[in-house]
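To start, the structure itself, in C-alpha cells.
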Amino acid sequence: MSAVVSRAVGDSRSDRDELGAAFAAVRSRLGLVALLIVLAAVAWWSTADRMAGMDAGPGTALGALGWFLGVWVVMMAAMMFPALAPTAALYATMTRRHGQSRAVLFATSYLFVWGAAGLLAYGLFELGKSLFGGALAWDSGGRWVAAGVLVAAAVYELTPLKDACLAKCRSPLGFLLGNWRDGSVGAVEMGSRHAAWCFGCCWALMAALFALGVMSLVWMAVIAALIVLEKTLPWRRVVTWGTTAILLALAIGVLAAPHSVPGLTVPGGSHGGAMQSMNSMQ
C-alpha cells in the first residue's frame, strides 16, 4: 500500500474515532442538541421572513449596519448551529455537573465571534463599493469578480491552512482537551477559540455566499450543507475535493452561463442591476 493511501486510510480512521466520540456525546445530550437544532430552525424561519424578496444576486445590498448585523447573526445561528452541535454536546458532557449553562456560554461566545466576522464582511463590502463603484456592476466587472471569488474559495479548500483549521473543527475531543479552560470565563474563551478555527475553515465559503447572493436562502442552504458535510462526514479529503469541484463548477457557470445556474438571481433583471440593488436598501 502506498504512503498516500496509508495516510488517507489513517486519516479516515482517526476522523471516525473523533466523530464517533462526538456523536456518542450527542446521544447522551439530546436535550442540548435538540435546543440547538430548534434554535437553528427558528433562525431559518426568521431569516426567510426578513430576507423575503431581497435577493438581487451577486452584489445584493447589505442595508444599514444594524439591520445587516441582526440578520447576519441569525443567519449564522441557522447555518452553523447544526455543525456546532457535536462539539457543544461533547463539551456539555465534560461539564455535566454544571448543567447546560457552560454549554450555552460556549455556543453564545461562538456566535459572538461570527457576529464580529459579519462586521468585518460588511466593512470590506462597503469599502469595495466605495472604491470601485460602477466597476462592480454585473454588466461591467461584477460577473468576473463573483467568479473570481468562487475560484479563490475553491483554491482555499486545498491549502494547508484550510486543512489545519478543518482538522480542529473535525476533532471536537482533541480541541477541547488541547484548549481546556475551567469556569464560565473558560467556556467563553473556548467557544471563541473554536469559532476562530471555524472562521479559518469557513471564511472562503462565506465569501462564496456573498458572490452568489448573500440574501439568498437557496445559497445559504447550499453553503450550510457544505459546511456540515465537511465537518461531520468521515471522508475528509473526498468531501474537500467535492466542495472544490462544486465551487469551480459554479465559477464557470457564473462566468459563462449565469442564467443556467439553478437558484442564481442574475442582476439586471427585475432588480434593476447590481448597483441599483446595492443602493436600494441604503
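A note on labels: chains of the C-alpha cells are A, B, ... as shown, every chain counts residues from 1, and ligands are counted from 1 in their shown order.
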- Query: Can you tell me, as a PyMOL selection string, what residues are no more than 10 Å from Val155 of chain A when counting only C-alpha atoms, ignoring any on the same chain fewer than 3 positions away?
  - Reply: chain A and resi 149-152+158-159+162+204+244-245+247-248
- Query: Contacts of Met54 of chain A at 8 Å or less, counting only C-alpha atoms, minus same-chain residues fewer than 3 places along, as a PyMOL selection string?
  - Reply: chain A and resi 51+60+215-216
- Shortest interatomic distance to Leu264 of chain A - which of A:Ala89, A:Leu229, A:Leu124, A:Leu209, counting only C-alpha atoms: A:Leu209
Closest atom pairs, residues of segment 94-127 of chain A within 10 Å of segment 183-199 of chain A, only C-alpha atoms, as a tab-separated table:
residue	atom	partner	partner_atom	distance
A:Thr95	CA	A:Gly183	CA	9.5
A:His98	CA	A:Gly183	CA	9.5
A:Ser101	CA	A:Ser184	CA	8.4
A:Arg102	CA	A:Ala187	CA	5.8
A:Ala103	CA	A:Ala187	CA	7.3
A:Val104	CA	A:Ala187	CA	8.7
A:Leu105	CA	A:Val188	CA	5.8
A:Phe106	CA	A:Gly191	CA	4.3
A:Ala107	CA	A:Gly191	CA	6.2
A:Thr108	CA	A:Gly191	CA	7.6
A:Ser109	CA	A:Gly191	CA	5.3
A:Tyr110	CA	A:Gly191	CA	4.8
A:Leu111	CA	A:Ala195	CA	7.5
A:Phe112	CA	A:Ser192	CA	7.7
A:Val113	CA	A:Ser192	CA	6.1
A:Trp114	CA	A:Ala195	CA	7.0
A:Ala117	CA	A:Phe199	CA	7.9
- Which distance in Å separates atom CA of Leu69 of chain A and atom CA of Tyr122 of chain A, to one decimal?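 We find that atom CA of Leu69 of chain A and atom CA of Tyr122 of chain A lie 8.5 Å from each other.
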- Hey, can you check how far atom CA of Trp72 of chain A sits from atom CA of Ala52 of chain A?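 These two atoms are separated by 14.5 Å.
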- Message: Quick check, in Å to one decimal: how far apart do atom CA of Val261 of chain A and atom CA of Gly57 of chain A lie?
- Response: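 It comes out at 11.5 Å.
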- With a distance cut-off of 9 Å and only C-alpha atoms, select the neighbouring residues of Ser46 of chain A, excluding the residue or stretch itself and same-chain residues fewer than 6 positions from it, and output the selection as a ChimeraX atom specification. /A:71,74-75
- Exercise: Trp219 of chain A partners within 10 Å, only C-alpha atoms, chain neighbours under 6 positions left out, as a list in words: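 Within the cut-off, the hits are Gly57, Ala208, Leu209, Phe210, Ala211, Leu212, Gly213, Ala225, Gly263 and Leu264 of chain A.
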Given the selection you just returned, output its residues as a file containing N, CA and C atoms, formatted as a compact mmCIF listing (two decimals), in the first residue's frame.
# COMPACT_ATOMS: atom_id res chain seq x y z
N GLY A 57 -29.06 38.71 -6.16
CA GLY A 57 -27.92 38.02 -6.73
C GLY A 57 -26.61 38.60 -6.25
N ALA A 208 -17.95 32.96 -0.76
CA ALA A 208 -18.68 32.41 -1.90
C ALA A 208 -20.16 32.72 -1.79
N LEU A 209 -20.69 32.74 -0.56
CA LEU A 209 -22.09 33.10 -0.36
C LEU A 209 -22.36 34.53 -0.82
N PHE A 210 -21.45 35.44 -0.50
CA PHE A 210 -21.59 36.82 -0.97
C PHE A 210 -21.53 36.88 -2.50
N ALA A 211 -20.68 36.06 -3.09
CA ALA A 211 -20.54 36.06 -4.55
C ALA A 211 -21.78 35.53 -5.24
N LEU A 212 -22.54 34.69 -4.56
CA LEU A 212 -23.73 34.09 -5.16
C LEU A 212 -25.01 34.82 -4.79
N GLY A 213 -24.96 35.61 -3.72
CA GLY A 213 -26.14 36.35 -3.26
C GLY A 213 -26.38 36.10 -1.79
N ALA A 225 -24.94 23.36 3.99
CA ALA A 225 -24.82 21.92 3.78
C ALA A 225 -23.36 21.52 3.57
N GLY A 263 -31.01 28.54 -9.17
CA GLY A 263 -31.08 29.31 -7.93
C GLY A 263 -30.35 30.63 -7.95
N LEU A 264 -29.63 30.94 -9.03
CA LEU A 264 -28.88 32.19 -9.09
C LEU A 264 -29.75 33.30 -9.66
May I have a table of the residues of segment 132-200 of chain A lying at most 8 Å from segment 250-258 of chain A, giving each one's closest pair of atoms and their distance in Å to one decimal, counting only C-alpha atoms, ordered by chain and ascending residue number, as CSV?
residue,atom,partner,partner_atom,distance
A:Arg143,CA,A:Leu255,CA,5.9
A:Trp144,CA,A:Leu255,CA,6.4
A:Ala146,CA,A:Val254,CA,7.4
A:Ala147,CA,A:Ala251,CA,4.4
A:Gly148,CA,A:Ala251,CA,7.2
A:Leu150,CA,A:Ala251,CA,5.4
A:Val151,CA,A:Ala251,CA,6.1
Please, could you write that set of residues out with C-alpha atoms as a compact mmCIF listing (two decimals), in the first residue's frame?
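Ended up saving to result-v3.txt:
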# COMPACT_ATOMS: atom_id res chain seq x y z
CA ARG A 143 -19.51 38.78 -13.16
CA TRP A 144 -15.73 38.42 -13.19
CA ALA A 146 -18.10 36.89 -8.50
CA ALA A 147 -16.43 34.12 -10.49
CA GLY A 148 -13.02 35.11 -9.10
CA LEU A 150 -15.65 31.41 -6.21
CA VAL A 151 -12.34 30.28 -7.74
- Message: I need the helix (DSSP H, G or I) residues of segment 32-73 of chain A per DSSP on the backbone, written as a list of chain:residue names.
- Response: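 Selecting the helix (DSSP H, G or I) positions of segment 32-73 of chain A gives A:Leu32, A:Val33, A:Ala34, A:Leu35, A:Leu36, A:Ile37, A:Val38, A:Leu39, A:Ala40, A:Ala41, A:Val42, A:Ala43, A:Trp44, A:Trp45, A:Ser46, A:Thr47, A:Ala48, A:Asp49, A:Arg50, A:Leu65, A:Gly66, A:Trp67, A:Phe68, A:Leu69, A:Gly70, A:Val71, A:Trp72, A:Val73.
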Write out as an mmCIF file with C-alpha atoms, in the first residue's frame which residues come within 12 Å of Cys169 of chain A when counting only C-alpha atoms, dropping same-chain ones fewer than 4 positions away.
data_model
loop_
_atom_site.group_PDB
_atom_site.id
_atom_site.type_symbol
_atom_site.label_atom_id
_atom_site.label_comp_id
_atom_site.auth_asym_id
_atom_site.auth_seq_id
_atom_site.Cartn_x
_atom_site.Cartn_y
_atom_site.Cartn_z
ATOM 1 C CA ASP A 15 -11.713 11.019 11.802
ATOM 2 C CA GLU A 18 -13.087 11.560 16.741
ATOM 3 C CA LEU A 19 -16.522 11.893 15.198
ATOM 4 C CA ALA A 22 -18.645 13.440 19.406
ATOM 5 C CA MET A 80 -23.564 26.957 11.998
ATOM 6 C CA ALA A 83 -22.324 21.767 12.665
ATOM 7 C CA LEU A 84 -21.576 23.022 16.196
ATOM 8 C CA ALA A 85 -23.933 20.543 17.876
ATOM 9 C CA PRO A 86 -21.457 17.608 18.259
ATOM 10 C CA THR A 87 -18.766 19.805 19.843
ATOM 11 C CA ALA A 88 -21.254 21.548 22.132
ATOM 12 C CA LYS A 162 -7.777 25.158 5.383
ATOM 13 C CA ASP A 163 -6.672 21.616 6.233
ATOM 14 C CA ALA A 164 -5.331 22.678 9.633
ATOM 15 C CA CYS A 165 -8.481 24.631 10.535
ATOM 16 C CA LEU A 173 -12.335 15.976 21.653
ATOM 17 C CA GLY A 174 -8.831 17.000 20.593
ATOM 18 C CA PHE A 175 -9.835 20.659 20.524
ATOM 19 C CA LEU A 176 -11.489 20.571 23.940
ATOM 20 C CA GLY A 191 -16.205 28.912 22.446
ATOM 21 C CA ARG A 193 -11.358 29.870 20.089
ATOM 22 C CA HIS A 194 -13.460 27.203 18.448
ATOM 23 C CA ALA A 195 -15.256 29.889 16.433
ATOM 24 C CA ALA A 196 -11.893 31.320 15.362
ATOM 25 C CA TRP A 197 -10.838 27.934 13.992
ATOM 26 C CA CYS A 198 -14.238 27.610 12.366
ATOM 27 C CA PHE A 199 -13.829 31.022 10.761
ATOM 28 C CA GLY A 200 -10.451 29.947 9.401
ATOM 29 C CA CYS A 201 -12.138 26.889 7.963
ATOM 30 C CA CYS A 202 -15.248 28.549 6.517
ATOM 31 C CA ILE A 227 -20.050 23.230 5.972
ATOM 32 C CA VAL A 228 -21.905 20.466 7.823
ATOM 33 C CA LEU A 229 -20.656 17.780 5.426
ATOM 34 C CA GLU A 230 -17.048 18.951 5.691
ATOM 35 C CA LYS A 231 -17.196 18.871 9.477
ATOM 36 C CA THR A 232 -19.112 15.639 10.027
ATOM 37 C CA LEU A 233 -18.520 13.114 7.237
ATOM 38 C CA ARG A 236 -12.496 14.452 4.847
#
